[in-house]
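Q: Okay, here's the structure, questions in a sec.
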Amino acid sequence: MPARGSINWTNSLTLISVAVLVGTEFVGAAGAAGWAIGGLFQLGGLLTHGLEVALILLALFGLYTFLRAALSHEPIRN
């Protein structure tokens, strides 16, 4: 497979840093929201954990779409 170009390490490190920061924020907020909603409506342990998992999966999908958009604006190959 021929090389398409060299890797731009500055852009790569920027995208990795943004992925860690935004991913932590998304997953933390989703877990906290699931816990808060479950406690507010007294959903019980199993349903609360299910809600947390669903919101965390939604957050991971949001992170995926965010990174796809970031890659289109900040290419990692020259």
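Labels used: A, B, ... for chains in the order of the structure tokens, numbers from 1 for residues in each chain, and numbers from 1 for ligands as shown.
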At a cut-off of 12 Å, using only C-alpha atoms, what residues contact A:Gly38? Leave out same-chain residues fewer than 6 positions from it and give the result as a ChimeraX atom specification.

A: /A:31-32,44-53,55

Q: Can you pull out the residues contacting A:Pro75? Cut-off 9 Å, using only C-alpha atoms, and skip same-chain residues under 5 positions away; I want them as a count of residues only.

A: 4

Q: Using only C-alpha atoms, which of A:Leu15, A:Ile7, A:Ala29, A:Leu21 sits nearest A:Leu58?

A: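 Looking at the shortest contact to A:Leu58, the residue is A:Ala29.
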
Q: Using atom CA of A:Ala30 and atom CA of A:Ile56 as the two end points, give the distance in Å to one decimal.

A: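 Value for the atom CA of A:Ala30-atom CA of A:Ile56 distance: 5.2 Å.
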
Q: Any idea what the distance is between atom CA of A:Ala54 and atom CA of A:Trp35?

A: 11.6 Å

Q: Can you tell me, as a PDB file with N, CA and C atoms, in the first residue's frame, which residues in stretch 3-47 of chain A count as alpha helix (DSSP H) by DSSP?

A:
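Once written, out29.pdb looks like this:
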```
ATOM      1  N   TRP A   9       2.326  15.371  13.043  1.00  0.00           N
ATOM      2  CA  TRP A   9       2.247  15.002  14.454  1.00  0.00           C
ATOM      3  C   TRP A   9       1.592  16.085  15.302  1.00  0.00           C
ATOM      4  N   THR A  10       1.705  17.317  14.901  1.00  0.00           N
ATOM      5  CA  THR A  10       1.056  18.387  15.666  1.00  0.00           C
ATOM      6  C   THR A  10      -0.460  18.224  15.621  1.00  0.00           C
ATOM      7  N   ASN A  11      -1.007  18.006  14.431  1.00  0.00           N
ATOM      8  CA  ASN A  11      -2.449  17.793  14.301  1.00  0.00           C
ATOM      9  C   ASN A  11      -2.882  16.504  14.985  1.00  0.00           C
ATOM     10  N   SER A  12      -2.066  15.463  14.889  1.00  0.00           N
ATOM     11  CA  SER A  12      -2.408  14.188  15.508  1.00  0.00           C
ATOM     12  C   SER A  12      -2.496  14.320  17.023  1.00  0.00           C
ATOM     13  N   LEU A  13      -1.505  14.966  17.624  1.00  0.00           N
ATOM     14  CA  LEU A  13      -1.528  15.143  19.074  1.00  0.00           C
ATOM     15  C   LEU A  13      -2.680  16.038  19.516  1.00  0.00           C
ATOM     16  N   THR A  14      -3.005  17.032  18.704  1.00  0.00           N
ATOM     17  CA  THR A  14      -4.141  17.889  19.014  1.00  0.00           C
ATOM     18  C   THR A  14      -5.435  17.087  19.013  1.00  0.00           C
ATOM     19  N   LEU A  15      -5.630  16.246  18.004  1.00  0.00           N
ATOM     20  CA  LEU A  15      -6.848  15.443  17.924  1.00  0.00           C
ATOM     21  C   LEU A  15      -6.923  14.415  19.047  1.00  0.00           C
ATOM     22  N   ILE A  16      -5.800  13.815  19.418  1.00  0.00           N
ATOM     23  CA  ILE A  16      -5.796  12.858  20.524  1.00  0.00           C
ATOM     24  C   ILE A  16      -6.149  13.566  21.830  1.00  0.00           C
ATOM     25  N   SER A  17      -5.580  14.735  22.034  1.00  0.00           N
ATOM     26  CA  SER A  17      -5.874  15.501  23.248  1.00  0.00           C
ATOM     27  C   SER A  17      -7.341  15.913  23.311  1.00  0.00           C
ATOM     28  N   VAL A  18      -7.868  16.352  22.187  1.00  0.00           N
ATOM     29  CA  VAL A  18      -9.278  16.739  22.139  1.00  0.00           C
ATOM     30  C   VAL A  18     -10.165  15.522  22.373  1.00  0.00           C
ATOM     31  N   ALA A  19      -9.801  14.380  21.822  1.00  0.00           N
ATOM     32  CA  ALA A  19     -10.596  13.163  22.017  1.00  0.00           C
ATOM     33  C   ALA A  19     -10.647  12.773  23.487  1.00  0.00           C
ATOM     34  N   VAL A  20      -9.508  12.868  24.176  1.00  0.00           N
ATOM     35  CA  VAL A  20      -9.484  12.530  25.598  1.00  0.00           C
ATOM     36  C   VAL A  20     -10.320  13.525  26.399  1.00  0.00           C
ATOM     37  N   LEU A  21     -10.144  14.808  26.136  1.00  0.00           N
ATOM     38  CA  LEU A  21     -10.869  15.833  26.881  1.00  0.00           C
ATOM     39  C   LEU A  21     -12.378  15.760  26.637  1.00  0.00           C
ATOM     40  N   VAL A  22     -12.776  15.755  25.382  1.00  0.00           N
ATOM     41  CA  VAL A  22     -14.201  15.750  25.052  1.00  0.00           C
ATOM     42  C   VAL A  22     -14.834  14.420  25.440  1.00  0.00           C
ATOM     43  N   GLY A  23     -14.115  13.319  25.241  1.00  0.00           N
ATOM     44  CA  GLY A  23     -14.642  12.010  25.626  1.00  0.00           C
ATOM     45  C   GLY A  23     -14.887  11.914  27.118  1.00  0.00           C
ATOM     46  N   THR A  24     -13.964  12.436  27.911  1.00  0.00           N
ATOM     47  CA  THR A  24     -14.145  12.429  29.362  1.00  0.00           C
ATOM     48  C   THR A  24     -15.348  13.266  29.771  1.00  0.00           C
ATOM     49  N   GLU A  25     -15.489  14.414  29.157  1.00  0.00           N
ATOM     50  CA  GLU A  25     -16.632  15.273  29.472  1.00  0.00           C
ATOM     51  C   GLU A  25     -17.952  14.615  29.071  1.00  0.00           C
ATOM     52  N   PHE A  26     -18.016  14.070  27.866  1.00  0.00           N
ATOM     53  CA  PHE A  26     -19.249  13.431  27.396  1.00  0.00           C
ATOM     54  C   PHE A  26     -19.636  12.246  28.273  1.00  0.00           C
ATOM     55  N   VAL A  27     -18.695  11.349  28.528  1.00  0.00           N
ATOM     56  CA  VAL A  27     -19.000  10.137  29.291  1.00  0.00           C
ATOM     57  C   VAL A  27     -19.326  10.484  30.744  1.00  0.00           C
ATOM     58  N   GLY A  28     -18.579  11.414  31.324  1.00  0.00           N
ATOM     59  CA  GLY A  28     -18.873  11.826  32.695  1.00  0.00           C
ATOM     60  C   GLY A  28     -20.236  12.471  32.830  1.00  0.00           C
ATOM     61  N   ALA A  29     -20.568  13.337  31.899  1.00  0.00           N
ATOM     62  CA  ALA A  29     -21.872  14.000  31.942  1.00  0.00           C
ATOM     63  C   ALA A  29     -23.005  12.997  31.711  1.00  0.00           C
ATOM     64  N   ALA A  30     -22.793  12.044  30.816  1.00  0.00           N
ATOM     65  CA  ALA A  30     -23.828  11.043  30.547  1.00  0.00           C
ATOM     66  C   ALA A  30     -24.044  10.146  31.756  1.00  0.00           C
ATOM     67  N   GLY A  31     -22.964   9.713  32.397  1.00  0.00           N
ATOM     68  CA  GLY A  31     -23.103   8.883  33.592  1.00  0.00           C
ATOM     69  C   GLY A  31     -23.783   9.630  34.727  1.00  0.00           C
ATOM     70  N   ALA A  32     -23.392  10.876  34.918  1.00  0.00           N
ATOM     71  CA  ALA A  32     -24.002  11.685  35.973  1.00  0.00           C
ATOM     72  C   ALA A  32     -25.477  11.960  35.685  1.00  0.00           C
ATOM     73  N   ALA A  33     -25.802  12.194  34.422  1.00  0.00           N
ATOM     74  CA  ALA A  33     -27.198  12.447  34.058  1.00  0.00           C
ATOM     75  C   ALA A  33     -28.053  11.203  34.282  1.00  0.00           C
ATOM     76  N   GLY A  34     -27.532  10.045  33.912  1.00  0.00           N
ATOM     77  CA  GLY A  34     -28.268   8.804  34.146  1.00  0.00           C
ATOM     78  C   GLY A  34     -28.484   8.550  35.624  1.00  0.00           C
ATOM     79  N   TRP A  35     -27.458   8.780  36.430  1.00  0.00           N
ATOM     80  CA  TRP A  35     -27.568   8.605  37.877  1.00  0.00           C
ATOM     81  C   TRP A  35     -28.585   9.586  38.460  1.00  0.00           C
ATOM     82  N   ALA A  36     -28.528  10.847  38.031  1.00  0.00           N
ATOM     83  CA  ALA A  36     -29.427  11.869  38.557  1.00  0.00           C
ATOM     84  C   ALA A  36     -30.881  11.601  38.163  1.00  0.00           C
ATOM     85  N   ILE A  37     -31.101  11.232  36.915  1.00  0.00           N
ATOM     86  CA  ILE A  37     -32.472  10.954  36.465  1.00  0.00           C
ATOM     87  C   ILE A  37     -33.024   9.726  37.180  1.00  0.00           C
ATOM     88  N   GLY A  38     -32.177   8.690  37.313  1.00  0.00           N
ATOM     89  CA  GLY A  38     -32.617   7.492  38.031  1.00  0.00           C
ATOM     90  C   GLY A  38     -32.953   7.783  39.474  1.00  0.00           C
ATOM     91  N   GLY A  39     -32.154   8.623  40.130  1.00  0.00           N
ATOM     92  CA  GLY A  39     -32.445   8.980  41.513  1.00  0.00           C
ATOM     93  C   GLY A  39     -33.648   9.884  41.638  1.00  0.00           C
ATOM     94  N   LEU A  40     -33.802  10.808  40.721  1.00  0.00           N
ATOM     95  CA  LEU A  40     -34.912  11.755  40.773  1.00  0.00           C
ATOM     96  C   LEU A  40     -36.259  11.038  40.635  1.00  0.00           C
ATOM     97  N   GLY A  45     -32.175   0.332  41.022  1.00  0.00           N
ATOM     98  CA  GLY A  45     -30.786   0.129  40.609  1.00  0.00           C
ATOM     99  C   GLY A  45     -30.624  -0.350  39.175  1.00  0.00           C
ATOM    100  N   LEU A  46     -31.364  -1.364  38.787  1.00  0.00           N
ATOM    101  CA  LEU A  46     -31.187  -1.948  37.457  1.00  0.00           C
ATOM    102  C   LEU A  46     -31.580  -0.971  36.351  1.00  0.00           C
ATOM    103  N   LEU A  47     -32.688  -0.313  36.516  1.00  0.00           N
ATOM    104  CA  LEU A  47     -33.143   0.635  35.493  1.00  0.00           C
ATOM    105  C   LEU A  47     -32.228   1.862  35.434  1.00  0.00           C
TER     106      LEU A  47
END
```

Q: So how many Å separate atom CA of A:Leu60 and atom CA of A:Leu43, to one decimal?

A: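 Interatomic distance here is 23.5 Å.
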